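I have placed the structure first, in the form of structure tokens, so that the comments after it can refer back to it.
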Amino acid sequence: MNVTARGRGTRTLFNVAVYGMLFVLGAVQGVIGSFQYSWMAGSVPAAALVCCAVLLATCLLGAWAMRSVSGALAPAAGWILAAFVMSLPVSNGSVIITNTAAGRWYLYGGTATAVAGVLISFGGWIRGQGGTRAR
């Protein structure tokens, strides 16, 4: 990112803040999705699939905005941490993410889309190295 500042320290601080916010955004998506994943459209776990699509978009847009793979890795790590913590049982036996089709789509599909977002961000076009060639 090209930030007009008076030194490398300010730019580094800005980048750390942006990566931190991307991590928090992924974690917030994980927490919200953990409570909303079970909405169904007929027999299709629509909310789980929408949550997966939103996570993929967040990873790709984060990588594009930061021009690095770390821009995709931060929201993916935040989502994985939040979603898997929310899937653990608590002392009274309650579970937030249940072992249903929607729960499996949310956890495994979300993990797969997080990994896909990070892998896709390795492409040169997401980091600004692609583009059109002069003819």
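Chain labels run A, B, ... following the order of the structure tokens; each chain numbers its residues from 1, and ligands are numbered from 1 in the order shown.
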Near range 110-115 of chain A, 9 Å: range 24-84 of chain A residue rows, closest pairs, only C-alpha atoms, as a Markdown table:
```
| residue | atom | partner | partner_atom | distance |
| --- | --- | --- | --- | --- |
| A:Ala48 | CA | A:Gly110 | CA | 8.1 |
| A:Leu49 | CA | A:Gly110 | CA | 8.3 |
| A:Cys51 | CA | A:Gly110 | CA | 7.4 |
| A:Cys52 | CA | A:Gly110 | CA | 4.9 |
| A:Ala53 | CA | A:Thr113 | CA | 7.5 |
| A:Leu55 | CA | A:Ala114 | CA | 6.7 |
| A:Leu56 | CA | A:Thr113 | CA | 5.5 |
| A:Cys59 | CA | A:Ala114 | CA | 7.0 |
| A:Ala72 | CA | A:Ala114 | CA | 8.1 |
| A:Leu73 | CA | A:Ala114 | CA | 8.0 |
| A:Pro75 | CA | A:Ala114 | CA | 8.2 |
| A:Ala76 | CA | A:Ala114 | CA | 5.0 |
| A:Ala77 | CA | A:Ala114 | CA | 8.1 |
| A:Trp79 | CA | A:Ala114 | CA | 8.1 |
| A:Ile80 | CA | A:Thr111 | CA | 6.7 |
| A:Ala83 | CA | A:Gly110 | CA | 8.9 |
```
For range 40-43 of chain A, work out the shell of residues within 12 Å, counting only C-alpha atoms and skipping chain neighbours fewer than 6 positions away, then give it as a list of chain:residue names.
A:Leu49, A:Val50, A:Thr100, A:Ala101, A:Ala102, A:Gly103, A:Trp105
I need the residues in chain A that are alpha helix (DSSP H) according to DSSP; give them as a PyMOL selection string.
chain A and resi 8-36+46-66+70-86+101-104+110-120
Neighbours of Tyr19 in chain A within 9 Å (only C-alpha atoms; same-chain residues fewer than 6 positions away dropped), as a compact mmCIF listing (two decimals) with C-alpha atoms, in the first residue's frame?
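Output (selection.txt):
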```txt
# COMPACT_ATOMS: atom_id res chain seq x y z
CA GLY A 62 -8.27 -8.54 1.74
CA MET A 66 -3.09 -5.44 0.81
CA SER A 70 -1.30 -12.19 4.24
CA GLY A 71 -4.34 -10.08 3.38
CA ALA A 74 -5.67 -12.77 8.30
CA PRO A 75 -9.47 -13.06 7.86
```
Excluding Ser34 in chain A and any residue of its chain fewer than 3 positions from it, enumerate the residues within 8 Å of it, using only C-alpha atoms, and give them as a list in words.
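Counting only the stated atoms, we get Gly30, Val31, Tyr37, Ala83, Met86, Ser87, Ile96 and Ile97 of chain A.
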